[in-house]
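K.L.:
Got a file for you: entry35.tsv, TSV, C-alpha atoms and all ligand atoms.
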chain	number	residue	atom	x	y	z
Y	1	MET	CA	-1.65	-57.69	-30.64
Y	2	ASN	CA	-5.08	-58.95	-29.48
Y	3	VAL	CA	-6.53	-59.18	-25.99
Y	4	SER	CA	-5.38	-62.71	-25.22
Y	5	GLU	CA	-1.86	-62.03	-26.51
Y	6	TRP	CA	-1.71	-58.97	-24.31
Y	7	LEU	CA	-2.87	-60.92	-21.26
Y	8	GLU	CA	-0.41	-63.70	-22.00
Y	9	GLU	CA	2.42	-61.17	-22.18
Y	10	LEU	CA	1.26	-59.71	-18.87
Y	11	SER	CA	1.37	-63.06	-17.12
Y	12	LYS	CA	4.85	-63.71	-18.54
Y	13	ILE	CA	6.01	-60.36	-17.12
Y	14	GLU	CA	4.57	-61.35	-13.77
Y	15	GLU	CA	6.48	-64.64	-13.87
Y	16	ARG	CA	9.69	-62.83	-14.70
Y	17	PHE	CA	9.05	-60.42	-11.83
Y	18	VAL	CA	8.58	-63.33	-9.39
Y	19	SER	CA	11.79	-64.99	-10.50
Y	20	ALA	CA	13.69	-61.67	-10.45
Y	21	VAL	CA	12.64	-61.25	-6.83
Y	22	LYS	CA	14.00	-64.72	-6.06
Y	23	GLU	CA	17.18	-64.56	-8.09
Y	24	ASN	CA	18.30	-60.97	-8.22
Y	25	PRO	CA	16.42	-58.78	-5.80
Y	26	ASP	CA	18.32	-55.66	-6.77
Y	27	PHE	CA	16.03	-52.71	-6.40
Y	28	ASP	CA	17.34	-50.57	-9.20
Y	29	ASN	CA	17.29	-53.58	-11.46
Y	30	ILE	CA	13.69	-54.50	-10.62
Y	31	PHE	CA	12.47	-50.96	-10.95
Y	32	GLU	CA	14.31	-50.44	-14.24
Y	33	SER	CA	13.25	-53.79	-15.77
Y	34	PHE	CA	9.54	-53.49	-15.03
Y	35	LEU	CA	8.56	-49.91	-14.20
Y	36	GLY	CA	11.37	-47.81	-15.72
Y	37	LYS	CA	10.90	-45.80	-18.91
Y	38	LYS	CA	11.75	-48.85	-21.00
Y	39	GLY	CA	10.54	-51.38	-18.41
Y	40	GLU	CA	8.56	-54.36	-19.72
Y	41	LEU	CA	5.34	-53.43	-17.94
Y	42	THR	CA	5.63	-49.78	-18.97
Y	43	LEU	CA	5.94	-50.77	-22.63
Y	44	LEU	CA	3.04	-53.21	-22.40
Y	45	LEU	CA	0.79	-50.61	-20.77
Y	46	ARG	CA	1.68	-48.19	-23.52
Y	47	LYS	CA	0.16	-50.59	-26.04
Y	48	LEU	CA	-3.28	-50.11	-24.43
Y	49	GLY	CA	-3.81	-47.22	-26.81
Y	50	GLU	CA	-4.46	-49.74	-29.59
Y	51	PHE	CA	-7.51	-51.31	-27.90
Y	52	SER	CA	-11.20	-50.42	-27.80
Y	53	PRO	CA	-12.41	-48.49	-24.69
Y	54	ASP	CA	-13.98	-51.62	-23.15
Y	55	ASP	CA	-10.90	-53.76	-23.65
Y	56	LYS	CA	-8.71	-50.91	-22.45
Y	57	LYS	CA	-10.67	-50.79	-19.20
Y	58	LEU	CA	-10.27	-54.51	-18.54
Y	59	LEU	CA	-6.63	-54.76	-19.55
Y	60	GLY	CA	-5.74	-51.53	-17.82
Y	61	ARG	CA	-7.12	-52.87	-14.55
Y	62	LYS	CA	-5.12	-56.10	-14.86
Y	63	GLY	CA	-1.97	-54.18	-15.80
Y	64	ASN	CA	-2.33	-51.81	-12.88
Y	65	GLU	CA	-2.81	-54.70	-10.48
Y	66	LEU	CA	0.63	-56.01	-11.42
Y	67	LYS	CA	2.09	-52.50	-11.27
Y	68	GLU	CA	0.75	-52.03	-7.75
Y	69	LYS	CA	2.10	-55.43	-6.75
Y	70	ILE	CA	5.60	-54.47	-7.93
Y	71	VAL	CA	5.48	-51.04	-6.27
Y	72	LYS	CA	4.22	-52.60	-3.04
Y	73	PHE	CA	7.04	-55.12	-3.08
Y	74	LEU	CA	9.62	-52.39	-3.64
Y	75	GLU	CA	8.24	-50.21	-0.87
Y	76	GLU	CA	7.88	-53.00	1.67
Y	77	ASN	CA	11.35	-54.36	1.12
Y	78	LYS	CA	13.38	-51.24	0.52
Y	79	ASN	CA	15.01	-51.34	3.96
Y	80	LYS	CA	15.77	-55.06	3.81
Y	81	PHE	CA	17.78	-54.63	0.65
Y	82	GLY	CA	19.51	-51.42	1.65
Y	83	GLY	CA	17.13	-49.16	-0.23
Y	84	PHE	CA	17.27	-47.86	-3.77
Y	85	LYS	CA	20.39	-46.38	-5.16
Y	86	LYS	CA	18.76	-44.29	-7.82
Y	87	TYR	CA	15.02	-44.40	-7.20
Y	88	SER	CA	14.71	-43.83	-3.50
Y	89	PHE	CA	11.19	-43.26	-2.23
Y	90	ASP	CA	12.69	-41.71	0.88
Y	91	ILE	CA	12.20	-37.99	1.34
Y	92	ASP	CA	14.64	-36.15	3.57
Y	93	VAL	CA	12.24	-33.97	5.52
Y	94	THR	CA	15.13	-32.20	7.25
Y	95	LEU	CA	16.32	-30.55	4.04
Y	96	PRO	CA	15.53	-26.81	3.94
Y	97	PRO	CA	12.74	-26.21	1.44
Y	98	LYS	CA	13.14	-24.16	-1.71
Y	99	LYS	CA	12.09	-20.60	-0.99
Y	100	LEU	CA	8.87	-19.67	-2.75
Y	101	ASN	CA	8.51	-16.15	-4.09
Y	102	LEU	CA	5.06	-15.43	-2.73
Y	103	SER	CA	3.52	-12.12	-3.59
Y	104	CYS	CA	1.67	-10.00	-1.08
Y	105	ALA	CA	-0.21	-6.73	-0.84
Y	106	HIS	CA	1.79	-3.49	-0.93
Y	107	PRO	CA	2.22	-1.74	2.46
Y	108	LEU	CA	0.00	1.12	1.25
Y	109	THR	CA	-2.77	-1.34	0.35
Y	110	VAL	CA	-2.39	-3.13	3.68
Y	111	THR	CA	-2.72	0.21	5.48
Y	112	LEU	CA	-5.70	1.30	3.43
Y	113	ASN	CA	-7.48	-2.00	4.06
Y	114	ARG	CA	-6.91	-1.64	7.79
Y	115	ILE	CA	-8.27	1.91	7.75
Y	116	ILE	CA	-11.33	0.86	5.75
Y	117	GLU	CA	-12.01	-2.09	8.10
Y	118	SER	CA	-11.78	0.25	11.05
Y	119	PHE	CA	-14.32	2.71	9.65
Y	120	GLU	CA	-16.63	-0.02	8.43
Y	121	LYS	CA	-16.99	-1.08	12.06
Y	122	LEU	CA	-18.29	2.44	12.73
Y	123	GLY	CA	-20.87	2.23	9.96
Y	124	PHE	CA	-19.00	4.10	7.23
Y	125	SER	CA	-19.16	2.98	3.61
Y	126	VAL	CA	-16.59	3.55	0.86
Y	127	GLU	CA	-17.08	5.94	-2.05
Y	128	TRP	CA	-14.60	6.66	-4.86
Y	129	GLY	CA	-14.15	9.89	-6.78
Y	130	PRO	CA	-12.53	10.79	-10.11
Y	131	LEU	CA	-8.83	11.73	-10.24
Y	132	VAL	CA	-9.36	14.32	-12.98
Y	133	GLU	CA	-11.72	16.68	-11.24
Y	134	LYS	CA	-13.63	19.85	-12.00
Y	135	ASP	CA	-12.23	23.01	-10.44
Y	136	TYR	CA	-15.73	23.51	-9.05
Y	137	TYR	CA	-15.73	20.31	-6.95
Y	138	ASN	CA	-12.07	20.51	-5.95
Y	139	PHE	CA	-12.15	24.16	-4.90
Y	140	GLU	CA	-15.17	26.36	-5.48
Y	141	ALA	CA	-17.91	24.25	-3.92
Y	142	LEU	CA	-15.55	23.64	-1.00
Y	143	ASN	CA	-15.52	27.38	-0.34
Y	144	PHE	CA	-12.22	28.22	-2.06
Y	145	PRO	CA	-13.36	31.13	-4.30
Y	146	PRO	CA	-11.23	31.84	-7.39
Y	147	ASP	CA	-8.06	33.72	-6.43
Y	148	HIS	CA	-8.56	32.89	-2.76
Y	149	PRO	CA	-5.14	32.59	-1.07
Y	150	ALA	CA	-6.15	29.23	0.46
Y	151	ARG	CA	-5.68	27.75	-3.02
Y	152	ASP	CA	-1.96	28.42	-2.62
Y	153	MET	CA	-1.80	25.70	0.06
Y	154	GLN	CA	-2.29	23.14	-2.71
Y	155	ASP	CA	-0.04	23.58	-5.77
Y	156	THR	CA	-2.24	22.33	-8.55
Y	157	PHE	CA	-1.78	20.57	-11.90
Y	158	TYR	CA	-4.36	22.20	-14.18
Y	159	THR	CA	-5.60	20.51	-17.30
Y	160	GLU	CA	-8.52	20.61	-19.69
Y	161	LEU	CA	-10.66	17.97	-21.27
Y	162	LYS	CA	-11.05	17.93	-25.04
Y	163	ASP	CA	-14.64	18.35	-26.22
Y	164	GLU	CA	-15.79	19.70	-22.83
Y	165	LYS	CA	-17.32	23.16	-22.63
Y	166	ASP	CA	-16.06	23.59	-19.08
Y	167	LYS	CA	-12.30	23.93	-19.47
Y	168	ASN	CA	-11.56	24.16	-15.75
Y	169	TYR	CA	-10.24	20.70	-14.97
Y	170	LEU	CA	-7.38	19.70	-12.71
Y	171	LEU	CA	-5.82	16.64	-11.08
Y	172	ARG	CA	-7.58	16.63	-7.74
Y	173	THR	CA	-5.36	18.01	-4.99
Y	174	HIS	CA	-7.27	16.30	-2.19
Y	175	THR	CA	-10.08	13.80	-1.61
Y	176	SER	CA	-12.41	16.48	-0.22
Y	177	PRO	CA	-14.34	16.92	-3.52
Y	178	VAL	CA	-15.95	13.53	-2.79
Y	179	GLN	CA	-17.80	15.34	0.05
Y	180	ILE	CA	-19.52	17.49	-2.56
Y	181	ARG	CA	-20.16	14.68	-5.02
Y	182	SER	CA	-21.65	12.47	-2.29
Y	183	MET	CA	-23.81	15.19	-0.77
Y	184	LEU	CA	-25.27	15.88	-4.22
Y	185	LYS	CA	-25.81	12.18	-4.86
Y	186	TYR	CA	-27.17	10.89	-1.53
Y	187	LYS	CA	-29.56	12.01	1.17
Y	188	PRO	CA	-28.53	12.29	4.83
Y	189	PRO	CA	-27.73	10.53	7.03
Y	190	MET	CA	-24.51	9.56	5.30
Y	191	ARG	CA	-21.30	8.22	6.74
Y	192	ILE	CA	-18.70	7.94	4.03
Y	193	ILE	CA	-14.97	7.43	3.68
Y	194	SER	CA	-13.25	8.01	0.38
Y	195	PRO	CA	-9.67	6.95	-0.25
Y	196	GLY	CA	-7.57	7.55	-3.34
Y	197	LYS	CA	-4.74	9.24	-5.19
Y	198	VAL	CA	-4.26	12.99	-5.10
Y	199	PHE	CA	-1.76	15.17	-6.99
Y	200	ARG	CA	0.26	18.25	-6.15
Y	201	SER	CA	3.02	20.02	-7.98
Y	202	GLU	CA	5.71	19.32	-5.41
Y	203	ALA	CA	9.33	18.17	-5.59
Y	204	VAL	CA	9.90	14.61	-4.38
Y	205	ASP	CA	11.78	14.18	-1.11
Y	206	ALA	CA	11.60	11.95	1.99
Y	207	THR	CA	8.20	13.36	2.98
Y	208	HIS	CA	6.73	14.77	-0.26
Y	209	SER	CA	5.59	13.40	-3.59
Y	210	PHE	CA	3.67	14.78	-6.58
Y	211	VAL	CA	1.23	11.90	-6.22
Y	212	PHE	CA	0.15	10.42	-2.91
Y	213	ASN	CA	-2.92	8.93	-1.24
Y	214	GLN	CA	-5.46	10.46	1.08
Y	215	ILE	CA	-8.53	9.33	2.87
Y	216	GLU	CA	-11.50	11.60	3.40
Y	217	GLY	CA	-14.28	10.93	5.87
Y	218	PHE	CA	-17.53	12.72	6.61
Y	219	TYR	CA	-20.80	12.32	8.39
Y	220	VAL	CA	-23.82	14.43	7.55
Y	221	ASP	CA	-27.09	14.26	9.47
Y	222	LYS	CA	-29.23	16.31	11.85
Y	223	ASN	CA	-27.46	17.27	15.10
Y	224	VAL	CA	-23.95	16.13	14.20
Y	225	SER	CA	-21.53	17.84	16.55
Y	226	MET	CA	-17.83	18.25	17.23
Y	227	SER	CA	-18.09	15.58	19.93
Y	228	ASP	CA	-19.21	13.05	17.29
Y	229	LEU	CA	-16.09	13.96	15.33
Y	230	LYS	CA	-13.87	13.52	18.40
Y	231	TRP	CA	-15.40	10.18	19.32
Y	232	THR	CA	-15.16	8.86	15.77
Y	233	LEU	CA	-11.52	9.82	15.31
Y	234	GLU	CA	-10.59	8.53	18.77
Y	235	SER	CA	-12.22	5.15	18.06
Y	236	PHE	CA	-10.44	4.92	14.73
Y	237	ILE	CA	-6.99	5.90	16.00
Y	238	LYS	CA	-7.20	3.55	19.01
Y	239	ASP	CA	-8.35	0.73	16.73
Y	240	LEU	CA	-5.37	1.29	14.46
Y	241	PHE	CA	-2.59	2.10	16.93
Y	242	GLY	CA	-3.88	0.64	20.19
Y	243	GLN	CA	-5.69	1.93	23.25
Y	244	LYS	CA	-2.72	3.93	24.49
Y	245	ALA	CA	-2.86	6.34	21.55
Y	246	ASP	CA	-4.09	9.77	22.59
Y	247	LEU	CA	-5.58	12.57	20.47
Y	248	LYS	CA	-5.11	16.32	20.58
Y	249	PHE	CA	-7.27	18.80	18.66
Y	250	SER	CA	-5.94	22.31	18.00
Y	251	PRO	CA	-7.55	25.09	15.95
Y	252	SER	CA	-6.59	25.21	12.28
Y	253	TYR	CA	-7.88	26.68	9.03
Y	254	PHE	CA	-9.41	24.90	6.06
Y	255	PRO	CA	-11.93	26.88	3.99
Y	256	PHE	CA	-14.51	24.05	3.94
Y	257	VAL	CA	-14.81	23.56	7.71
Y	258	GLU	CA	-15.76	25.83	10.59
Y	259	PRO	CA	-14.41	25.33	13.19
Y	260	GLY	CA	-11.39	23.59	11.71
Y	261	ALA	CA	-8.88	21.50	13.61
Y	262	GLN	CA	-5.54	19.89	13.26
Y	263	VAL	CA	-5.53	16.49	14.92
Y	264	GLU	CA	-2.38	15.13	16.50
Y	265	VAL	CA	-1.79	11.62	17.81
Y	266	SER	CA	0.55	10.85	20.70
Y	267	CYS	CA	3.79	9.44	19.28
Y	268	VAL	CA	3.17	5.76	18.57
Y	269	PHE	CA	6.90	5.06	18.89
Y	270	CYS	CA	8.00	6.72	22.14
Y	271	GLY	CA	4.65	7.69	23.69
Y	272	GLY	CA	6.13	11.14	24.29
Y	273	LYS	CA	8.83	9.81	26.59
Y	274	ASP	CA	11.93	10.06	24.38
Y	275	GLN	CA	13.45	13.51	23.90
Y	276	ASN	CA	15.53	12.12	21.03
Y	277	CYS	CA	12.71	10.18	19.31
Y	278	ARG	CA	13.48	9.90	15.60
Y	279	VAL	CA	9.79	10.03	14.68
Y	280	CYS	CA	8.30	12.83	16.81
Y	281	LYS	CA	11.62	14.66	17.38
Y	282	GLY	CA	10.85	14.81	21.11
Y	283	ARG	CA	7.55	16.67	20.61
Y	284	GLY	CA	5.50	13.65	21.71
Y	285	TRP	CA	2.79	14.38	19.09
Y	286	LEU	CA	2.40	13.59	15.40
Y	287	GLU	CA	0.23	15.65	13.03
Y	288	MET	CA	-2.09	13.11	11.46
Y	289	LEU	CA	-5.34	14.65	10.26
Y	290	GLY	CA	-7.19	17.79	9.30
Y	291	ALA	CA	-10.79	17.94	10.46
Y	292	GLY	CA	-13.72	20.12	11.39
Y	293	MET	CA	-17.43	20.82	11.10
Y	294	ILE	CA	-18.56	21.15	7.48
Y	295	HIS	CA	-18.85	24.87	6.64
Y	296	PRO	CA	-22.45	26.16	6.27
Y	297	LYS	CA	-21.56	27.48	2.81
Y	298	VAL	CA	-20.48	24.01	1.69
Y	299	LEU	CA	-23.77	22.54	2.93
Y	300	GLU	CA	-25.64	25.28	1.06
Y	301	ASN	CA	-23.65	24.61	-2.11
Y	302	CYS	CA	-25.01	21.07	-1.98
Y	303	GLY	CA	-28.56	22.22	-1.37
Y	304	TYR	CA	-28.69	21.46	2.37
Y	305	ASP	CA	-30.14	23.91	4.87
Y	306	PRO	CA	-27.35	24.50	7.45
Y	307	ASN	CA	-30.01	25.25	10.08
Y	308	VAL	CA	-31.31	21.70	9.71
Y	309	PHE	CA	-28.26	19.65	8.77
Y	310	SER	CA	-24.73	19.59	10.07
Y	311	GLY	CA	-21.75	17.37	9.50
Y	312	PHE	CA	-18.15	16.71	10.31
Y	313	ALA	CA	-15.30	15.97	7.90
Y	314	PHE	CA	-11.72	14.85	8.18
Y	315	GLY	CA	-8.86	14.07	5.84
Y	316	ALA	CA	-5.49	12.39	6.19
Y	317	GLY	CA	-2.55	11.11	4.16
Y	318	ILE	CA	-2.42	7.33	3.91
Y	319	GLU	CA	1.37	7.29	3.41
Y	320	ARG	CA	1.84	8.86	6.84
Y	321	PHE	CA	-0.12	6.02	8.46
Y	322	THR	CA	1.85	3.45	6.46
Y	323	MET	CA	5.16	4.98	7.54
Y	324	LEU	CA	4.13	4.81	11.21
Y	325	LEU	CA	2.62	1.32	11.02
Y	326	PHE	CA	5.62	-0.14	9.19
Y	327	GLY	CA	8.40	2.02	10.67
Y	328	ILE	CA	9.41	3.56	7.32
Y	329	ASP	CA	11.16	6.92	7.42
Y	330	ASP	CA	11.37	7.70	3.69
Y	331	LEU	CA	8.24	8.01	1.56
Y	332	ARG	CA	10.10	7.10	-1.63
Y	333	VAL	CA	10.49	3.52	-0.40
Y	334	LEU	CA	6.78	3.08	-1.04
Y	335	TYR	CA	6.95	4.01	-4.72
Y	336	GLU	CA	10.27	2.66	-5.95
Y	337	ASN	CA	9.26	-1.01	-5.67
Y	338	ASP	CA	12.77	-2.13	-4.78
Y	339	LEU	CA	12.20	-5.74	-3.69
Y	340	ARG	CA	15.26	-5.67	-1.42
Y	341	ILE	CA	13.51	-2.99	0.61
Y	342	LEU	CA	9.93	-4.23	0.34
Y	343	ARG	CA	11.09	-7.65	1.61
Y	344	GLN	CA	12.43	-6.03	4.76
Y	345	ILE	CA	9.04	-4.54	5.48
Y	346	TYR	CA	7.43	-7.97	5.78
Y	401	LIG	N1	-8.32	18.34	2.22
Y	401	LIG	C1	-7.37	18.78	3.20
Y	401	LIG	C2	-5.97	18.77	2.61
Y	401	LIG	O1	-5.70	18.00	1.72
Y	401	LIG	C3	-7.40	17.87	4.42
Y	401	LIG	C4	-8.64	18.07	5.21
Y	401	LIG	C5	-8.68	18.99	6.23
Y	401	LIG	C6	-9.79	17.36	4.93
Y	401	LIG	C7	-9.81	19.21	6.99
Y	401	LIG	C8	-10.96	17.56	5.68
Y	401	LIG	C9	-10.94	18.49	6.71
Y	401	LIG	O2	-12.08	16.90	5.45
Y	401	LIG	O3	-12.06	18.66	7.45
Y	401	LIG	O4	-5.13	19.49	3.05
As structure tokens - that is how I would like this structure written.

P.N.:
Amino acid sequence: MNVSEWLEELSKIEERFVSAVKENPDFDNIFESFLGKKGELTLLLRKLGEFSPDDKKLLGRKGNELKEKIVKFLEENKNKFGGFKKYSFDIDVTLPPKKLNLSCAHPLTVTLNRIIESFEKLGFSVEWGPLVEKDYYNFEALNFPPDHPARDMQDTFYTELKDEKDKNYLLRTHTSPVQIRSMLKYKPPMRIISPGKVFRSEAVDATHSFVFNQIEGFYVDKNVSMSDLKWTLESFIKDLFGQKADLKFSPSYFPFVEPGAQVEVSCVFCGGKDQNCRVCKGRGWLEMLGAGMIHPKVLENCGYDPNVFSGFAFGAGIERFTMLLFGIDDLRVLYENDLRILRQIY
């Protein structure tokens, strides 16, 4: 088929379209005869493959003009002729849409991102530490001497690294070793938060797991005081849970801080008003963080003169924040990835 034969065929199709409109304006028929899979125009357009690029351009334009003319006619007249039976262009916008399975961030990630955003506003930056850690960074440099009973607070998975002279490796039991690593790496002032997985040899139940997530925070500079710690934690907690949230510091013991504190937050569910509150059990307070002023020995271990520098540190479990933010009362929900449950959270 050459160019003029093709054009002749096109004009014949156009004539047949015009007479079909006059004689038998049946929509399905017109669509099928000209634009359907085996429609005349469809077949003719398919032949364009045989032509040179220049001819193809010219003929294609002519062919599409007729195609548009037919489509326009069908669209403009669909109501007049009662619409299409098979090829309706109508869309029923009242039909419920198909549900899309969109993915989204895990509640733990959502929580962590919120915590990070909150501390970034206060000038903290994020630092990550290794999960397989040296005994020295996890314990000794943090003022837990070997055989010190404070080590019993954290049941540890010990391990060793092949080809390493130092055999004393473990899965880090907390994020506090990042304090040491950062103090050795950077110069004050430093404001750092460090989130990540930690491991303890514990049986799994509604509130315990052998692997969970913590976030560590610390600020080292000249003249850092307990009031800086209080202000920082108050700003963070109010940012996360709202202005009504209150904080309570009580004395506590961690070898790497002096003084050390346990930080409680007023119950975000009942505000301390419900004796039967499922979350705080009527106490009105929730234990949320450990904190304190970095112990002089820890500063010394990192080569800082404790008479010149001081710092505060705090640590908390991320799962606990997630459970409060999302109203989850069993930790296992966060690890089992049961979609039926995760869907209820969102
Ligand atoms: N590392 C402690 C733990 O896992 C938590 C902690 C307590 C971190 C007090 C701190 C702190 O930085 O000052 O039990």

K.L.:
Using the file's own x, y and z axes, what box holds all listed atoms of range 163-179 of chain Y with 6 Å on each side, keeping edges along x, y and z, and what are its centre and edge lengths in Å to one decimal, as AutoDock Vina command-line options?

P.N.:
--center_x -11.6 --center_y 18.8 --center_z -13.1 --size_x 24.4 --size_y 22.6 --size_z 38.3

K.L.:
Residues within 9 Å of ligand LIG 401 (chain Y), counting all atoms listed in the file: report them as a PyMOL selection string.

P.N.:
chain Y and resi 153-154+173-177+179+198+214-218+252-258+260-262+289-294+312-317

K.L.:
Just to confirm, what's the straight-line distance from CA of Glu319 in chain Y to CA of Thr111 in chain Y in Å (one decimal)?

P.N.:
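Going from CA of Glu319 in chain Y over to CA of Thr111 in chain Y covers 8.4 Å.
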
K.L.:
Work out how far CA of Lys78 in chain Y is from CA of Asp28 in chain Y, in Å to one decimal.

P.N.:
10.5 Å

K.L.:
For Val211 in chain Y, which of Y:Glu264, Y:Asp155, Y:Asp163, Y:Asp228 is the closest residue, counting all atoms listed in the file?

P.N.:
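Using all atoms listed in the file, the shortest distance to Val211 in chain Y belongs to Y:Asp155.
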
K.L.:
Quick one: distance from CA of Arg320 in chain Y to CA of Glu117 in chain Y in Å, one decimal?

P.N.:
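Taking CA of Arg320 in chain Y and CA of Glu117 in chain Y, their separation equals 17.7 Å.
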
K.L.:
List the spatial neighbours of Ala20 in chain Y as a list in words - criterion: any atom at most 9 Å away, all atoms listed in the file, same-chain residues fewer than 6 positions off excluded.

P.N.:
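Neighbouring residues, sequence-local ones excluded: Asp26, Asn29 and Ile30 of chain Y.
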
K.L.:
From the options Y:Val93, Y:Leu229, Y:Leu324, Y:Val18, which residue's atoms come nearest to Ser266 in chain Y, counting all atoms listed in the file?

P.N.:
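Of Y:Val93, Y:Leu229, Y:Leu324, Y:Val18, the one nearest Ser266 in chain Y, counting all atoms listed in the file, is Y:Leu324.
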
K.L.:
Measuring between all atoms listed in the file, which one of Y:Leu74, Y:Cys104, Y:Ile180, Y:Val220 shows the shortest distance to Glu32 in chain Y?

P.N.:
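Of all the options, Y:Leu74 lies closest to Glu32 in chain Y.
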
K.L.:
Which of these residues is nearest to Lys244 in chain Y, using only C-alpha atoms: Y:Pro107, Y:Ser227, Y:Gly271, Y:Glu287?

P.N.:
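Answer, going by the shortest atom-to-atom distance: Y:Gly271.
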
K.L.:
Tell me which of Y:Leu233, Y:Met1, Y:Leu170, Y:Val110 sits closest to Leu325 in chain Y, counting all atoms listed in the file.

P.N.:
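Result for the nearest residue to Leu325 in chain Y: Y:Val110.
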
K.L.:
At a cut-off of 12 Å around the point (-9.9, 19.2, -21.0) (file coordinates), what residues fall inside when counting all atoms listed in the file? I'd like the answer as a PDB file with C-alpha atoms, in the frame of the given file.

P.N.:
ATOM      1  CA  VAL Y 132      -9.360  14.320 -12.980  1.00  0.00           C
ATOM      2  CA  GLU Y 133     -11.720  16.680 -11.240  1.00  0.00           C
ATOM      3  CA  LYS Y 134     -13.630  19.850 -12.000  1.00  0.00           C
ATOM      4  CA  ASP Y 135     -12.230  23.010 -10.440  1.00  0.00           C
ATOM      5  CA  TYR Y 158      -4.360  22.200 -14.180  1.00  0.00           C
ATOM      6  CA  THR Y 159      -5.600  20.510 -17.300  1.00  0.00           C
ATOM      7  CA  GLU Y 160      -8.520  20.610 -19.690  1.00  0.00           C
ATOM      8  CA  LEU Y 161     -10.660  17.970 -21.270  1.00  0.00           C
ATOM      9  CA  LYS Y 162     -11.050  17.930 -25.040  1.00  0.00           C
ATOM     10  CA  ASP Y 163     -14.640  18.350 -26.220  1.00  0.00           C
ATOM     11  CA  GLU Y 164     -15.790  19.700 -22.830  1.00  0.00           C
ATOM     12  CA  LYS Y 165     -17.320  23.160 -22.630  1.00  0.00           C
ATOM     13  CA  ASP Y 166     -16.060  23.590 -19.080  1.00  0.00           C
ATOM     14  CA  LYS Y 167     -12.300  23.930 -19.470  1.00  0.00           C
ATOM     15  CA  ASN Y 168     -11.560  24.160 -15.750  1.00  0.00           C
ATOM     16  CA  TYR Y 169     -10.240  20.700 -14.970  1.00  0.00           C
ATOM     17  CA  LEU Y 170      -7.380  19.700 -12.710  1.00  0.00           C
ATOM     18  CA  LEU Y 171      -5.820  16.640 -11.080  1.00  0.00           C
TER      19      LEU Y 171
END

K.L.:
Pick from Y:Lys238, Y:Lys62, Y:Lys222, Y:His148: nearest to Val308 in chain Y, with all atoms listed in the file counted?

P.N.:
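Once distances to Val308 in chain Y are computed over all atoms listed in the file, the minimum belongs to Y:Lys222.
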